[in-house]
$ cat run-v1.tsv   # TSV, C-alpha atoms
chain	number	residue	atom	x	y	z
T	11	MET	CA	0.00	0.00	0.00
T	12	ARG	CA	1.38	3.38	-1.04
T	13	ARG	CA	2.24	5.87	1.65
T	14	PRO	CA	-0.28	8.77	1.67
T	15	THR	CA	1.06	12.09	0.41
T	16	LEU	CA	0.33	15.70	1.30
T	17	GLU	CA	-1.92	15.87	-1.76
T	18	VAL	CA	-3.99	12.93	-0.56
T	19	VAL	CA	-4.35	14.47	2.91
T	20	ALA	CA	-5.33	17.80	1.34
T	21	ALA	CA	-8.00	16.11	-0.80
T	22	ARG	CA	-9.44	14.26	2.25
T	23	ALA	CA	-9.48	17.46	4.33
T	24	GLY	CA	-10.78	19.65	1.53
T	25	VAL	CA	-7.98	22.21	1.90
T	26	SER	CA	-4.90	23.22	-0.08
T	27	ARG	CA	-1.62	21.33	-0.03
T	28	SER	CA	0.11	24.38	1.48
T	29	SER	CA	-2.38	24.41	4.38
T	30	VAL	CA	-1.59	20.77	5.14
T	31	SER	CA	2.13	21.53	4.99
T	32	ARG	CA	1.77	24.39	7.47
T	33	VAL	CA	-0.19	22.21	9.89
T	34	VAL	CA	2.19	19.23	9.87
T	35	ASN	CA	5.16	21.57	10.25
T	36	GLY	CA	3.64	23.13	13.35
T	37	GLU	CA	3.19	26.68	12.07
T	38	ALA	CA	1.12	28.84	14.40
T	39	THR	CA	-0.54	30.89	11.64
T	40	VAL	CA	-3.09	28.19	10.71
T	41	ALA	CA	-6.71	28.78	11.76
T	42	PRO	CA	-7.90	26.31	14.46
T	43	GLU	CA	-10.71	24.94	12.28
T	44	ILE	CA	-8.27	24.21	9.43
T	45	ARG	CA	-5.85	22.56	11.84
T	46	GLU	CA	-8.66	20.36	13.16
T	47	VAL	CA	-9.82	19.06	9.77
T	48	VAL	CA	-6.23	18.48	8.60
T	49	MET	CA	-5.29	16.53	11.74
T	50	ARG	CA	-8.45	14.44	11.38
T	51	ALA	CA	-7.42	13.54	7.82
T	52	VAL	CA	-3.87	12.80	8.99
T	53	ARG	CA	-5.19	10.34	11.59
T	54	GLU	CA	-7.66	8.70	9.22
T	55	LEU	CA	-5.07	8.17	6.50
T	56	GLY	CA	-2.17	7.30	8.80
T	57	TYR	CA	-0.07	10.03	7.22
T	58	VAL	CA	3.56	10.23	8.43
T	59	PRO	CA	5.47	13.42	7.50
T	60	ASN	CA	8.59	12.97	5.42
T	61	ALA	CA	11.38	13.96	7.81
T	62	ALA	CA	13.78	15.12	5.12
T	63	ALA	CA	11.18	17.32	3.45
T	64	ARG	CA	10.03	18.73	6.79
T	65	ASN	CA	13.61	19.59	7.70
T	66	LEU	CA	13.98	21.52	4.46
T	67	VAL	CA	10.89	23.55	5.30
T	68	THR	CA	11.68	24.18	8.98
T	69	ARG	CA	15.48	24.33	8.53
T	70	ARG	CA	15.75	22.04	11.54
T	71	THR	CA	17.30	18.58	11.77
T	72	HIS	CA	15.84	17.83	15.22
T	73	ALA	CA	19.24	16.39	16.11
T	74	VAL	CA	21.80	17.55	18.68
T	75	ALA	CA	25.48	16.61	18.75
T	76	VAL	CA	26.84	15.65	22.17
T	77	VAL	CA	30.60	16.06	21.75
T	78	VAL	CA	32.93	14.41	24.25
T	79	ALA	CA	36.31	16.08	23.91
T	80	ASP	CA	38.46	13.93	26.17
T	81	PRO	CA	41.93	12.72	25.13
T	82	PRO	CA	42.68	8.97	24.99
T	83	GLN	CA	42.98	7.53	28.51
T	84	GLY	CA	41.70	10.85	29.83
T	85	VAL	CA	39.52	11.79	32.76
T	86	VAL	CA	36.30	10.45	31.28
T	87	SER	CA	37.55	6.88	30.82
T	88	ASP	CA	37.81	6.34	34.58
T	89	ASP	CA	35.07	8.64	35.84
T	90	PRO	CA	31.81	6.94	36.92
T	91	LEU	CA	30.05	10.30	36.71
T	92	PHE	CA	30.48	10.32	32.93
T	93	SER	CA	27.80	7.67	32.43
T	94	THR	CA	25.49	9.65	34.73
T	95	VAL	CA	25.97	12.77	32.61
T	96	VAL	CA	25.51	11.07	29.24
T	97	ARG	CA	22.41	9.19	30.43
T	98	ALA	CA	20.80	12.37	31.80
T	99	VAL	CA	21.64	14.30	28.61
T	100	SER	CA	20.24	11.58	26.34
T	101	ARG	CA	16.99	11.28	28.27
T	102	GLU	CA	16.44	15.04	28.38
T	103	LEU	CA	17.07	15.43	24.64
T	104	GLU	CA	14.91	12.45	23.74
T	105	ALA	CA	12.09	13.85	25.89
T	106	ALA	CA	12.37	17.04	23.84
T	107	GLY	CA	12.06	15.06	20.62
T	108	LYS	CA	15.71	15.43	19.64
T	109	GLN	CA	17.92	12.78	18.09
T	110	VAL	CA	21.18	12.38	20.02
T	111	VAL	CA	24.39	12.20	17.96
T	112	LEU	CA	27.27	11.18	20.26
T	113	MET	CA	30.65	12.24	18.87
T	114	LEU	CA	34.15	11.73	20.28
T	115	ALA	CA	36.86	14.33	19.77
T	116	GLU	CA	40.00	12.58	21.03
T	117	SER	CA	42.54	13.84	18.48
T	118	ASP	CA	43.13	16.64	15.99
T	119	ARG	CA	41.72	14.42	13.25
T	120	SER	CA	38.52	13.61	15.14
T	121	ARG	CA	38.11	17.27	16.13
T	122	ALA	CA	38.30	18.27	12.48
T	123	ARG	CA	35.68	15.65	11.66
T	124	VAL	CA	33.37	17.03	14.37
T	125	GLU	CA	33.81	20.59	13.06
T	126	GLU	CA	33.04	19.46	9.50
T	127	TYR	CA	29.95	17.52	10.57
T	128	VAL	CA	28.54	20.40	12.61
T	129	ALA	CA	29.32	23.00	9.94
T	130	GLY	CA	27.57	20.75	7.41
T	131	GLY	CA	24.20	21.49	9.03
T	132	HIS	CA	23.55	17.96	10.30
T	133	VAL	CA	22.49	19.13	13.79
T	134	ASP	CA	20.58	22.02	15.33
T	135	GLY	CA	23.06	22.55	18.17
T	136	VAL	CA	26.02	21.15	20.08
T	137	MET	CA	26.52	20.22	23.73
T	138	LEU	CA	30.14	19.91	24.86
T	139	VAL	CA	31.28	17.53	27.61
T	140	ALA	CA	34.69	16.89	29.27
T	141	LEU	CA	36.73	19.70	27.82
T	142	HIS	CA	40.19	20.72	28.88
T	143	GLY	CA	40.66	24.44	29.40
T	144	THR	CA	42.92	25.01	26.40
T	145	ASP	CA	40.83	23.00	23.93
T	146	PRO	CA	40.23	25.07	20.75
T	147	LEU	CA	37.13	23.07	19.80
T	148	PRO	CA	34.49	25.24	21.58
T	149	ALA	CA	35.62	28.40	19.79
T	150	ALA	CA	35.78	26.57	16.46
T	151	LEU	CA	32.24	25.22	16.87
T	152	ALA	CA	30.94	28.62	17.99
T	153	ARG	CA	32.25	30.08	14.73
T	154	THR	CA	29.90	27.82	12.76
T	155	GLY	CA	27.01	29.98	13.96
T	156	LEU	CA	25.12	27.07	15.50
T	157	PRO	CA	24.02	27.18	19.16
T	158	VAL	CA	26.67	25.65	21.45
T	159	ALA	CA	26.42	25.04	25.21
T	160	SER	CA	28.97	23.43	27.50
T	161	PHE	CA	28.78	21.17	30.53
T	162	ASN	CA	31.34	23.18	32.57
T	163	ARG	CA	33.21	26.29	31.53
T	164	THR	CA	35.44	26.49	28.46
T	165	CYS	CA	38.11	28.94	27.32
T	166	ALA	CA	35.73	30.26	24.63
T	167	PRO	CA	34.02	33.38	26.05
T	168	ASP	CA	31.15	33.15	23.57
T	169	VAL	CA	30.08	29.65	24.65
T	170	PRO	CA	27.50	29.66	27.50
T	171	TYR	CA	27.83	26.94	30.11
T	172	VAL	CA	26.47	25.32	33.25
T	173	GLU	CA	28.95	24.66	36.05
T	174	LEU	CA	29.09	23.73	39.72
T	175	ASP	CA	30.09	26.28	42.32
T	176	ASN	CA	33.45	24.54	42.61
T	177	ALA	CA	35.21	27.14	44.75
T	178	ALA	CA	32.36	27.31	47.26
T	179	GLY	CA	32.20	23.51	47.45
T	180	ALA	CA	35.92	23.23	48.14
T	181	ALA	CA	35.75	25.96	50.80
T	182	LEU	CA	32.84	24.09	52.39
T	183	ALA	CA	34.99	20.96	52.66
T	184	VAL	CA	37.94	22.83	54.19
T	185	ARG	CA	35.78	24.70	56.71
T	186	HIS	CA	34.31	21.37	57.78
T	187	LEU	CA	37.82	20.04	58.46
T	188	LEU	CA	38.73	23.17	60.39
T	189	GLU	CA	35.59	22.83	62.49
T	190	ARG	CA	36.65	19.28	63.30
T	191	GLY	CA	39.87	20.65	64.75
T	192	ARG	CA	42.24	19.89	61.86
T	193	ARG	CA	45.22	22.21	61.64
T	194	ARG	CA	47.44	20.99	58.78
T	195	ILE	CA	45.10	20.48	55.83
T	196	ALA	CA	46.57	19.46	52.46
T	197	THR	CA	44.88	19.22	49.08
T	198	ILE	CA	45.26	16.97	46.03
T	199	THR	CA	44.32	18.93	42.91
T	200	GLY	CA	42.92	17.80	39.60
T	201	PRO	CA	44.62	18.68	36.28
T	202	LEU	CA	45.06	22.44	36.42
T	203	ASP	CA	44.18	22.93	32.75
T	204	LEU	CA	40.58	22.19	33.82
T	205	PHE	CA	38.60	25.16	35.13
T	206	GLU	CA	36.90	23.06	37.81
T	207	ALA	CA	40.24	21.85	39.16
T	208	ARG	CA	41.59	25.39	39.40
T	209	GLU	CA	38.40	26.62	41.04
T	210	ARG	CA	38.51	23.85	43.67
T	211	LEU	CA	42.12	24.76	44.43
T	212	ASP	CA	41.11	28.42	44.73
T	213	GLY	CA	38.32	27.52	47.15
T	214	TYR	CA	40.71	25.44	49.28
T	215	ARG	CA	43.26	28.27	49.43
T	216	ALA	CA	40.63	30.91	50.21
T	217	ALA	CA	39.26	28.92	53.16
T	218	LEU	CA	42.75	28.47	54.62
T	219	ARG	CA	43.74	32.06	53.96
T	220	ASP	CA	40.89	33.24	56.16
T	221	THR	CA	42.51	31.42	59.11
T	222	GLY	CA	46.12	32.34	58.33
T	223	ARG	CA	47.11	28.72	57.60
T	224	ARG	CA	49.42	27.81	54.72
T	225	SER	CA	48.48	25.71	51.71
T	226	ILE	CA	49.93	22.21	51.28
T	227	VAL	CA	49.41	21.15	47.66
T	228	ALA	CA	50.06	18.01	45.61
T	229	LEU	CA	49.08	17.60	41.96
T	230	GLY	CA	46.80	14.82	40.76
T	231	ASP	CA	44.89	14.08	37.57
T	232	PHE	CA	41.46	12.97	38.90
T	233	THR	CA	42.42	9.26	38.87
T	234	ARG	CA	42.75	6.83	41.81
T	235	ALA	CA	46.41	6.19	41.03
T	236	SER	CA	47.27	9.89	41.11
T	237	GLY	CA	45.46	10.28	44.43
T	238	ALA	CA	47.45	7.41	45.96
T	239	GLU	CA	50.75	8.80	44.69
T	240	ALA	CA	49.95	12.37	45.75
T	241	MET	CA	49.03	11.20	49.25
T	242	ARG	CA	52.37	9.42	49.50
T	243	GLN	CA	54.15	12.60	48.41
T	244	LEU	CA	52.24	14.72	50.93
T	245	LEU	CA	53.17	12.42	53.80
T	246	GLU	CA	56.82	12.57	52.81
T	247	ASP	CA	56.77	16.36	52.54
T	248	ASP	CA	54.77	16.97	55.73
T	249	PRO	CA	54.45	13.96	58.08
T	250	GLU	CA	52.46	16.09	60.55
T	251	LEU	CA	49.50	16.81	58.27
T	252	ASP	CA	46.19	15.73	59.78
T	253	ALA	CA	43.71	16.20	56.90
T	254	VAL	CA	43.49	16.14	53.12
T	255	PHE	CA	40.90	17.52	50.73
T	256	ALA	CA	40.99	15.68	47.41
T	257	ALA	CA	39.47	17.52	44.43
T	258	ASN	CA	37.46	14.45	43.43
T	259	ASP	CA	36.38	11.18	45.01
T	260	LEU	CA	38.54	8.93	42.86
T	261	MET	CA	41.67	10.65	44.15
T	262	ALA	CA	40.29	10.55	47.70
T	263	ILE	CA	39.82	6.79	47.36
T	264	GLY	CA	43.43	6.50	46.20
T	265	ALA	CA	44.52	8.58	49.21
T	266	LEU	CA	42.60	6.25	51.56
T	267	ARG	CA	44.51	3.30	50.14
T	268	THR	CA	47.90	4.95	50.75
T	269	LEU	CA	46.96	5.93	54.30
T	270	ARG	CA	45.93	2.35	55.01
T	271	GLN	CA	49.17	1.00	53.52
T	272	VAL	CA	51.36	3.21	55.73
T	273	GLY	CA	49.39	2.35	58.86
T	274	LEU	CA	47.63	5.68	59.45
T	275	ARG	CA	44.06	5.65	60.72
T	276	VAL	CA	41.24	7.60	59.06
T	277	PRO	CA	39.97	9.88	60.49
T	278	GLU	CA	41.88	9.54	63.79
T	279	ASP	CA	45.29	10.34	62.27
T	280	VAL	CA	44.33	11.90	58.94
T	281	ALA	CA	40.82	13.02	57.90
T	282	VAL	CA	39.88	12.76	54.22
T	283	VAL	CA	37.23	14.66	52.23
T	284	GLY	CA	36.49	14.19	48.52
T	285	PHE	CA	34.41	15.97	45.90
T	286	ASP	CA	31.52	14.68	43.70
T	287	ASP	CA	29.93	12.13	46.07
T	288	ILE	CA	30.04	9.24	43.61
T	289	GLU	CA	28.21	6.07	44.59
T	290	ALA	CA	31.41	4.39	45.78
T	291	ALA	CA	31.96	7.13	48.39
T	292	ALA	CA	29.36	5.56	50.68
T	293	TYR	CA	31.07	2.14	50.46
T	294	THR	CA	34.72	2.96	51.15
T	295	VAL	CA	36.25	2.01	54.51
T	296	PRO	CA	35.69	4.31	56.25
T	297	ALA	CA	32.81	5.85	54.28
T	298	LEU	CA	34.02	8.98	52.51
T	299	THR	CA	32.87	12.50	53.35
T	300	SER	CA	32.34	14.31	50.05
T	301	VAL	CA	30.99	17.46	48.43
T	302	ARG	CA	27.90	16.34	46.54
T	303	SER	CA	27.78	17.48	42.93
T	304	PRO	CA	24.32	17.34	41.28
T	305	MET	CA	25.79	16.10	37.99
T	306	ALA	CA	22.52	14.82	36.53
T	307	ASP	CA	20.82	18.14	37.33
T	308	GLN	CA	23.76	19.99	35.80
T	309	ALA	CA	23.50	17.85	32.65
T	310	ARG	CA	19.77	18.48	32.33
T	311	ALA	CA	20.28	22.22	32.90
T	312	THR	CA	22.89	22.27	30.11
T	313	VAL	CA	20.42	20.59	27.75
T	314	ARG	CA	17.74	23.13	28.65
T	315	LEU	CA	20.22	25.95	28.07
T	316	LEU	CA	21.06	24.56	24.62
T	317	LEU	CA	17.42	24.01	23.66
T	318	GLY	CA	16.70	27.59	24.67
T	319	LEU	CA	19.56	28.80	22.47
T	320	ILE	CA	18.18	26.81	19.55
T	321	GLU	CA	14.88	28.64	20.00
T	322	GLY	CA	16.62	32.00	20.18
T	323	GLY	CA	16.89	32.30	23.95
T	324	SER	CA	19.50	34.10	26.05
T	325	ARG	CA	23.10	32.98	26.55
T	326	ASP	CA	23.04	32.80	30.34
T	327	ARG	CA	25.75	31.30	32.50
T	328	VAL	CA	24.29	28.92	35.11
T	329	VAL	CA	25.96	27.98	38.42
T	330	MET	CA	24.68	24.95	40.34
T	331	PRO	CA	24.91	24.78	44.16
T	332	ASN	CA	26.38	21.83	46.05
T	333	ALA	CA	26.35	20.45	49.61
T	334	LEU	CA	28.63	18.50	51.93
T	335	VAL	CA	27.76	14.89	52.78
T	336	VAL	CA	29.48	14.04	56.07
T	337	ARG	CA	30.51	10.43	56.65
T	338	ASP	CA	33.08	8.57	58.74
T	339	SER	CA	36.29	9.68	56.97
T	340	SER	CA	36.25	13.12	58.61

$ encode --input "run-v1.tsv" --output "structure tokens"
Amino acid sequence: MRRPTLEVVAARAGVSRSSVSRVVNGEATVAPEIREVVMRAVRELGYVPNAAARNLVTRRTHAVAVVVADPPQGVVSDDPLFSTVVRAVSRELEAAGKQVVLMLAESDRSRARVEEYVAGGHVDGVMLVALHGTDPLPAALARTGLPVASFNRTCAPDVPYVELDNAAGAALAVRHLLERGRRRIATITGPLDLFEARERLDGYRAALRDTGRRSIVALGDFTRASGAEAMRQLLEDDPELDAVFAANDLMAIGALRTLRQVGLRVPEDVAVVGFDDIEAAAYTVPALTSVRSPMADQARATVRLLLGLIEGGSRDRVVMPNALVVRDSS
């Protein structure tokens, strides 16, 4: 059986082909009575709009590119929050009737391919995930003229974003340790080419500066292994330290392992606080105190920001609040 056409629907409804086209493409200028008779004919005939033709009329693809710009063996590969973010993004876009196009930008070649695909008009907008601060991709995609929104801040000033209040969250963790009587509080940072890592370091330093205490800093890269190694370095540099704030939970878990290996008790000898409150934080021994990051909410807010941009909305920056979840490690 042949698929019904616009002409067939128009004949059934007793209206012009152009009226049917305006109705099925969702134009608001159609009179209610015309819309009603057209939609009745559509239902009776089982008419399904041709997506390609509709896209030509509306100049919309109803697709959104979700671009993950993480280098090989980068932060995303080990981060359990990544699946949370991608799942929340996909569900929010699908609920809005958008097709999700997941694209990886792990190298110069793959970045060029992403730029070419986006510039080719295959999507209505782009959401960026897991970007390093110096990545040129956001600025390149913004130059295509398509709406672009980022999950976390980028170095491109024209790209709106949704981020956590990283500095405030870190300061919250440090103030908690101070209130528990800790006097020599170290930190393990994330990669400092990431805005969130720098902001968490800034929050740590600001909280200590208010009390006149000095910073004790070791560099990590948001992985368990880097947290374990940084904790070992901190103990060698300052054996008297009595607390550590790790800029994410994976590094805090690595720090717990090192402390256990050298025979130090947590929290009696050294208190530990992480950041993100991943699921595993509640199951470490002892259970890990952590700054809770509403990653799924942040992902959904980024999608809503992008969808608003696609519809001509404002380019607002959004900052999400966070809270401290206190457990046995502090």

$ residues_around --input "run-v1.tsv" --residues "stretch 176-186 of chain T" --least-positions-apart "5" --cutoff "10 Å" --atoms "only C-alpha atoms" --output "JSON, numbers by chain"
{"T": [191, 192, 195, 196, 197, 205, 206, 207, 208, 209, 210, 211, 212, 213, 214, 215, 216, 217, 218, 220, 221, 253, 254, 255, 256, 257, 282, 283, 284, 285, 286, 299, 300, 301, 302, 303, 329, 330, 331, 332, 333, 334, 335, 336, 340]}

$ closest_residue --input "run-v1.tsv" --among "T:Ala41, T:Leu187, T:Ile198, T:Ile263" --to "T:Gln243" --atoms "all atoms listed in the file"
T:Ile198

$ atom_distance --input "run-v1.tsv" --atom1 "atom CA of T:Leu138" --atom2 "atom CA of T:Ala166"
11.8 Å

$ residues_around --input "run-v1.tsv" --residues "T:Arg101" --least-positions-apart "5" --cutoff "9 Å" --atoms "all atoms listed in the file" --output "PDB file with C-alpha atoms, keeping the file's coordinate frame"
ATOM      1  CA  VAL T  96      25.510  11.070  29.240  1.00  0.00           C
ATOM      2  CA  ALA T 106      12.370  17.040  23.840  1.00  0.00           C
ATOM      3  CA  ARG T 310      19.770  18.480  32.330  1.00  0.00           C
TER       4      ARG T 310
END

$ closest_residue --input "run-v1.tsv" --among "T:Val74, T:Ala51, T:Leu103, T:Val328" --to "T:Phe161" --atoms "only C-alpha atoms"
T:Val328

$ residues_around --input "run-v1.tsv" --residues "T:Leu114" --least-positions-apart "4" --cutoff "10 Å" --atoms "only C-alpha atoms" --output "NGL selection string"
:T and (76-81 or 120-121 or 123-124 or 139)

$ write_last_selection --input "run-v1.tsv" --atoms "C-alpha atoms" --output "PDB file, in the frame of the given file"
ATOM      1  CA  VAL T  76      26.840  15.650  22.170  1.00  0.00           C
ATOM      2  CA  VAL T  77      30.600  16.060  21.750  1.00  0.00           C
ATOM      3  CA  VAL T  78      32.930  14.410  24.250  1.00  0.00           C
ATOM      4  CA  ALA T  79      36.310  16.080  23.910  1.00  0.00           C
ATOM      5  CA  ASP T  80      38.460  13.930  26.170  1.00  0.00           C
ATOM      6  CA  PRO T  81      41.930  12.720  25.130  1.00  0.00           C
ATOM      7  CA  SER T 120      38.520  13.610  15.140  1.00  0.00           C
ATOM      8  CA  ARG T 121      38.110  17.270  16.130  1.00  0.00           C
ATOM      9  CA  ARG T 123      35.680  15.650  11.660  1.00  0.00           C
ATOM     10  CA  VAL T 124      33.370  17.030  14.370  1.00  0.00           C
ATOM     11  CA  VAL T 139      31.280  17.530  27.610  1.00  0.00           C
TER      12      VAL T 139
END

$ atom_distance --input "run-v1.tsv" --atom1 "atom CA of T:Asp259" --atom2 "atom CA of T:Glu246"
21.9 Å

$ residues_around --input "run-v1.tsv" --residues "T:Ala309" --least-positions-apart "3" --cutoff "10 Å" --atoms "all atoms listed in the file" --output "list in words"
Thr94, Val95, Val96, Arg97, Ala98, Val99, Ser100, Glu102, Met137, Val139, Ser160, Phe161, Asn162, Val172, Glu173, Pro304, Met305, Ala306, Thr312, Val313, Arg314 and Leu315 of chain T

$ write_last_selection --input "run-v1.tsv" --atoms "C-alpha atoms" --output "mmCIF file, in the frame of the given file"
data_model
loop_
_atom_site.group_PDB
_atom_site.id
_atom_site.type_symbol
_atom_site.label_atom_id
_atom_site.label_comp_id
_atom_site.auth_asym_id
_atom_site.auth_seq_id
_atom_site.Cartn_x
_atom_site.Cartn_y
_atom_site.Cartn_z
ATOM 1 C CA THR T 94 25.490 9.650 34.730
ATOM 2 C CA VAL T 95 25.970 12.770 32.610
ATOM 3 C CA VAL T 96 25.510 11.070 29.240
ATOM 4 C CA ARG T 97 22.410 9.190 30.430
ATOM 5 C CA ALA T 98 20.800 12.370 31.800
ATOM 6 C CA VAL T 99 21.640 14.300 28.610
ATOM 7 C CA SER T 100 20.240 11.580 26.340
ATOM 8 C CA GLU T 102 16.440 15.040 28.380
ATOM 9 C CA MET T 137 26.520 20.220 23.730
ATOM 10 C CA VAL T 139 31.280 17.530 27.610
ATOM 11 C CA SER T 160 28.970 23.430 27.500
ATOM 12 C CA PHE T 161 28.780 21.170 30.530
ATOM 13 C CA ASN T 162 31.340 23.180 32.570
ATOM 14 C CA VAL T 172 26.470 25.320 33.250
ATOM 15 C CA GLU T 173 28.950 24.660 36.050
ATOM 16 C CA PRO T 304 24.320 17.340 41.280
ATOM 17 C CA MET T 305 25.790 16.100 37.990
ATOM 18 C CA ALA T 306 22.520 14.820 36.530
ATOM 19 C CA THR T 312 22.890 22.270 30.110
ATOM 20 C CA VAL T 313 20.420 20.590 27.750
ATOM 21 C CA ARG T 314 17.740 23.130 28.650
ATOM 22 C CA LEU T 315 20.220 25.950 28.070
#

$ closest_residue --input "run-v1.tsv" --among "T:Gly135, T:Met261, T:Val48, T:Arg270" --to "T:Ser28" --atoms "all atoms listed in the file"
T:Val48

$ closest_residue --input "run-v1.tsv" --among "T:Thr268, T:Ser29, T:Ser324, T:Ser93" --to "T:Met241" --atoms "all atoms listed in the file"
T:Thr268

$ atom_distance --input "run-v1.tsv" --atom1 "atom CA of T:Ala38" --atom2 "atom CA of T:Val18"
22.4 Å

$ closest_residue --input "run-v1.tsv" --among "T:Gly24, T:Pro14, T:Gly155, T:Gly230" --to "T:Leu244" --atoms "only C-alpha atoms"
T:Gly230
